[in-house]
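K.L.:
Data: upload-v4.cif, mmCIF, C-alpha atoms.
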```
data_structure
loop_
_atom_site.label_atom_id
_atom_site.label_comp_id
_atom_site.auth_asym_id
_atom_site.auth_seq_id
_atom_site.Cartn_x
_atom_site.Cartn_y
_atom_site.Cartn_z
CA MET H 280 192.48 102.37 130.28
CA ALA H 281 191.67 104.75 133.14
CA GLY H 282 191.97 108.37 132.05
CA THR H 283 192.98 107.39 128.55
CA GLU H 284 192.23 109.80 125.78
CA PRO H 285 191.86 108.49 122.23
CA LYS H 286 194.94 108.48 120.02
CA GLU H 287 192.72 109.12 117.02
CA THR H 288 189.19 110.40 116.54
CA LYS H 289 187.62 109.75 113.14
CA ASN H 290 184.35 111.32 112.06
CA LEU H 291 182.12 108.66 110.47
CA ASP H 292 179.06 110.89 110.04
CA LEU H 293 177.76 111.00 106.47
CA TYR H 294 175.43 113.96 107.06
CA GLY H 295 178.00 116.63 107.86
CA ASN H 296 177.80 116.56 111.65
CA LYS H 297 180.99 117.04 113.63
CA ALA H 298 182.86 114.18 115.30
CA LEU H 299 181.50 113.36 118.73
CA PRO H 300 183.77 114.16 121.68
CA TRP H 301 185.04 111.19 123.68
CA SER H 302 183.74 112.93 126.81
CA ARG H 303 180.17 112.33 125.61
CA ALA H 304 180.76 108.58 125.37
CA GLU H 305 182.52 108.52 128.76
CA THR H 306 179.68 110.39 130.45
CA ALA H 307 177.06 108.04 128.99
CA VAL H 308 178.93 104.91 130.04
CA LYS H 309 179.58 106.27 133.56
CA ASP H 310 175.85 106.90 133.95
CA ILE H 311 174.81 103.37 132.89
CA ALA H 312 174.61 102.12 136.50
CA ARG H 313 171.69 104.49 137.04
CA GLU H 314 169.87 103.11 133.98
CA GLN H 315 167.76 100.17 135.09
CA ASP H 316 166.98 99.07 131.49
CA ALA H 317 170.52 99.29 130.13
CA THR H 318 171.95 96.01 128.89
CA TRP H 319 175.37 95.29 127.52
CA PHE H 320 175.76 92.78 124.69
CA LEU H 321 178.91 90.71 124.35
CA GLY H 322 179.89 89.59 120.86
CA VAL H 323 182.33 86.69 120.47
CA THR H 324 183.38 84.26 117.74
CA ASP H 325 183.01 80.48 117.93
CA PRO H 326 185.99 78.32 116.93
CA ASP H 327 184.27 77.62 113.58
CA GLY H 328 184.07 81.38 112.91
CA SER H 329 180.35 81.82 113.58
CA PRO H 330 179.30 84.79 115.68
CA HIS H 331 177.66 84.57 119.09
CA ALA H 332 176.07 87.38 121.10
CA ALA H 333 174.74 87.40 124.65
CA GLY H 334 173.52 89.96 127.14
CA VAL H 335 175.92 90.40 130.04
CA GLY H 336 176.10 92.44 133.22
CA ALA H 337 179.01 94.72 132.38
CA VAL H 338 180.34 97.57 134.47
CA TRP H 339 182.55 100.56 133.69
CA LEU H 340 185.00 101.25 136.49
CA ASP H 341 187.74 103.86 136.29
CA GLY H 342 187.89 103.65 132.49
CA ASP H 343 187.87 99.86 132.31
CA LEU H 344 185.05 97.59 131.13
CA PHE H 345 184.40 94.38 133.06
CA PHE H 346 181.85 91.61 132.62
CA VAL H 347 181.09 88.26 134.23
CA SER H 348 180.60 84.88 132.58
CA GLY H 349 180.24 81.33 133.85
CA PRO H 350 183.11 79.05 132.82
CA GLN H 351 180.66 76.51 131.35
CA THR H 352 178.90 79.04 129.08
CA ARG H 353 179.36 79.23 125.33
CA LYS H 354 180.77 82.77 125.57
CA SER H 355 183.47 81.74 128.07
CA LYS H 356 184.44 78.74 125.96
CA ASP H 357 184.63 80.99 122.90
CA LEU H 358 186.77 83.54 124.76
CA ALA H 359 189.17 80.75 125.77
CA THR H 360 189.91 80.06 122.10
CA GLN H 361 189.41 83.56 120.64
CA PRO H 362 189.72 86.42 123.17
CA ALA H 363 188.70 89.20 120.75
CA ALA H 364 185.23 90.53 121.57
CA THR H 365 182.83 93.44 121.43
CA LEU H 366 180.72 94.98 124.18
CA SER H 367 177.89 97.19 122.98
CA ALA H 368 175.11 99.12 124.66
CA HIS H 369 172.26 101.47 123.83
CA LEU H 370 172.76 104.30 126.31
CA ARG H 371 171.03 107.60 126.89
CA GLY H 372 171.58 109.54 123.66
CA ILE H 373 174.34 107.35 122.22
CA ASP H 374 174.97 103.78 121.10
CA LEU H 375 178.49 102.49 121.81
CA VAL H 376 180.46 99.47 120.59
CA PHE H 377 183.77 98.66 122.31
CA GLU H 378 186.17 96.31 120.50
CA GLY H 379 189.30 94.56 121.72
CA PRO H 380 190.84 91.56 123.41
CA THR H 381 189.52 90.18 126.67
CA SER H 382 191.41 88.76 129.59
CA ARG H 383 190.22 86.84 132.63
CA VAL H 384 190.84 88.81 135.83
CA THR H 385 192.44 86.83 138.66
CA ASP H 386 194.11 89.60 140.65
CA PRO H 387 192.48 89.55 144.14
CA ALA H 388 192.56 93.34 144.58
CA THR H 389 190.86 93.94 141.21
CA LEU H 390 188.30 91.20 141.89
CA GLU H 391 187.41 92.80 145.24
CA ARG H 392 187.24 96.31 143.74
CA VAL H 393 184.94 95.20 140.91
CA ALA H 394 182.76 93.07 143.23
CA LYS H 395 182.29 96.13 145.44
CA HIS H 396 181.29 98.17 142.40
CA TYR H 397 178.75 95.52 141.35
CA ARG H 398 177.30 95.59 144.89
CA ASP H 399 177.29 99.34 145.43
CA GLU H 400 176.50 100.65 141.94
CA ALA H 401 174.80 97.84 140.02
CA GLY H 402 172.86 96.23 142.89
CA TRP H 403 174.25 92.72 142.34
CA PRO H 404 175.52 91.16 145.61
CA ALA H 405 178.77 89.75 144.18
CA GLU H 406 181.41 88.32 146.50
CA VAL H 407 184.89 87.02 145.70
CA GLU H 408 185.64 83.38 146.41
CA SER H 409 188.55 81.32 145.04
CA GLY H 410 189.40 83.79 142.27
CA ALA H 411 185.86 84.20 140.93
CA PHE H 412 182.49 85.72 141.84
CA THR H 413 179.65 84.15 143.75
CA ALA H 414 176.22 85.56 144.56
CA PRO H 415 172.79 84.21 145.50
CA TYR H 416 171.68 84.73 141.89
CA SER H 417 172.75 85.78 138.41
CA ALA H 418 171.19 85.72 134.95
CA PRO H 419 169.15 82.58 134.22
CA SER H 420 171.59 81.59 131.46
CA ALA H 421 174.68 82.07 133.66
CA GLY H 422 174.42 78.78 135.50
CA ARG H 423 175.46 78.30 139.08
CA PRO H 424 178.49 80.08 140.58
CA PRO H 425 181.37 80.62 140.38
CA TRP H 426 181.48 83.19 137.59
CA ASP H 427 184.70 84.46 136.08
CA LEU H 428 185.44 88.16 135.73
CA TYR H 429 186.76 89.44 132.39
CA ARG H 430 188.19 92.79 131.32
CA LEU H 431 187.68 94.04 127.77
CA ASP H 432 190.89 95.83 126.87
CA TYR H 433 189.23 97.92 124.18
CA ASP H 434 191.33 99.50 121.48
CA THR H 435 188.50 100.87 119.32
CA VAL H 436 185.12 102.38 120.24
CA TYR H 437 182.32 103.36 117.87
CA GLY H 438 179.64 105.85 118.86
CA VAL H 439 176.43 106.79 117.07
CA ALA H 440 174.42 109.60 118.62
CA GLY H 441 170.70 108.95 119.03
CA ALA H 442 170.06 112.50 120.26
CA GLU H 443 171.38 115.97 119.43
CA PRO H 444 174.07 116.79 118.71
CA TRP H 445 174.00 114.03 116.10
CA GLY H 446 177.05 112.25 114.79
CA ALA H 447 178.96 109.03 114.32
CA THR H 448 182.55 108.64 115.47
CA ARG H 449 185.32 106.06 115.87
CA TRP H 450 187.85 106.51 118.67
CA THR H 451 191.10 104.53 118.54
CA PHE H 452 193.20 104.02 121.68
#
```
Represent the structure from my file as structure tokens, please.
P.N.:
Amino acid sequence: MAGTEPKETKNLDLYGNKALPWSRAETAVKDIAREQDATWFLGVTDPDGSPHAAGVGAVWLDGDLFFVSGPQTRKSKDLATQPAATLSAHLRGIDLVFEGPTSRVTDPATLERVAKHYRDEAGWPAEVESGAFTAPYSAPSAGRPPWDLYRLDYDTVYGVAGAEPWGATRWTF
């Protein structure tokens, strides 16, 4: 998705504010690495149709969204049967929800590039081993390594501004 501009921008604001520019969302998501309190939330669907949400350590890298999940976790099992997901975050001045299909990343060059980003920008000492990530620690609910890397290939993003200029917008890619 690197460098991708939306195909469509739809103003969802019911108070008369203008549609938010995609550049505002991009800037907020690029700055998330500097936000120590920022958490991404992954939304998936269980095989029985019930929803499941979990906090994940996601990163934005060159226009792509990546996150890590242990193969034994509920979210990874759900993604194996239903790859559609959401990633959402409360960022400085804007809340964003990314929607689209996920895919497990196995390409060694991409794994190395994203591991380096986790190390250098997010402060998590990820290393690549046998097509997955390892590290001395992860979230308490992640279980022991290895952890799989996923890409959310978003096709729709919703933004609601929590600071001026106000607005609500849907971008379709």
K.L.:
On this structure, the PyMOL selection byres ((chain H and resi 384-399) around 12) would catch which residues? List them as an MDAnalysis selection string, sorted by chain and number.
P.N.:
chainID H and resid 312:313 336:341 343:348 381:383 400:414 417 426:432
K.L.:
Residues near segment 353-368 of chain H, anyone? I mean within 7 Å using all atoms listed in the file, not counting same-chain ones fewer than 3 positions away, as number ranges by chain.
P.N.:
H: 318-326, 348-350, 374-381
K.L.:
Can those selected residues be exported to a file as a PDB file, keeping the file's coordinate frame so that it contains C-alpha atoms?
P.N.:
```pdb
ATOM      1  CA  THR H 318     171.950  96.010 128.890  1.00  0.00           C
ATOM      2  CA  TRP H 319     175.370  95.290 127.520  1.00  0.00           C
ATOM      3  CA  PHE H 320     175.760  92.780 124.690  1.00  0.00           C
ATOM      4  CA  LEU H 321     178.910  90.710 124.350  1.00  0.00           C
ATOM      5  CA  GLY H 322     179.890  89.590 120.860  1.00  0.00           C
ATOM      6  CA  VAL H 323     182.330  86.690 120.470  1.00  0.00           C
ATOM      7  CA  THR H 324     183.380  84.260 117.740  1.00  0.00           C
ATOM      8  CA  ASP H 325     183.010  80.480 117.930  1.00  0.00           C
ATOM      9  CA  PRO H 326     185.990  78.320 116.930  1.00  0.00           C
ATOM     10  CA  SER H 348     180.600  84.880 132.580  1.00  0.00           C
ATOM     11  CA  GLY H 349     180.240  81.330 133.850  1.00  0.00           C
ATOM     12  CA  PRO H 350     183.110  79.050 132.820  1.00  0.00           C
ATOM     13  CA  ASP H 374     174.970 103.780 121.100  1.00  0.00           C
ATOM     14  CA  LEU H 375     178.490 102.490 121.810  1.00  0.00           C
ATOM     15  CA  VAL H 376     180.460  99.470 120.590  1.00  0.00           C
ATOM     16  CA  PHE H 377     183.770  98.660 122.310  1.00  0.00           C
ATOM     17  CA  GLU H 378     186.170  96.310 120.500  1.00  0.00           C
ATOM     18  CA  GLY H 379     189.300  94.560 121.720  1.00  0.00           C
ATOM     19  CA  PRO H 380     190.840  91.560 123.410  1.00  0.00           C
ATOM     20  CA  THR H 381     189.520  90.180 126.670  1.00  0.00           C
TER      21      THR H 381
END
```
K.L.:
Please return as a list in words every residue within 10 Å of (181.3, 108.0, 123.1), taking into account only C-alpha atoms and the file's own coordinates.
P.N.:
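Here the neighbourhood of the point contains Leu299, Pro300, Trp301, Ser302, Arg303, Ala304, Glu305, Thr306, Ala307, Val308, Leu370, Gly372, Ile373, Asp374, Leu375, Val376, Phe377, Val436, Tyr437, Gly438, Val439, Ala440, Ala447, Thr448, Arg449 and Trp450 of chain H.
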K.L.:
In Å, rounded to a single decimal, give me how far atom CA of Gly422 of chain H is from atom CA of Gly334 of chain H.
P.N.:
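Atom-to-atom, atom CA of Gly334 of chain H and atom CA of Gly422 of chain H are spaced 14.0 Å apart.
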K.L.:
Decode the PyMOL selection byres ((chain H and resi 292) around 6) for the given file into explicit residues and return them as a list in words.
P.N.:
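When the PyMOL selection byres ((chain H and resi 292) around 6) is applied to the shown file, the picked residues are Asn290, Leu291, Leu293, Tyr294, Gly446 and Ala447 of chain H.
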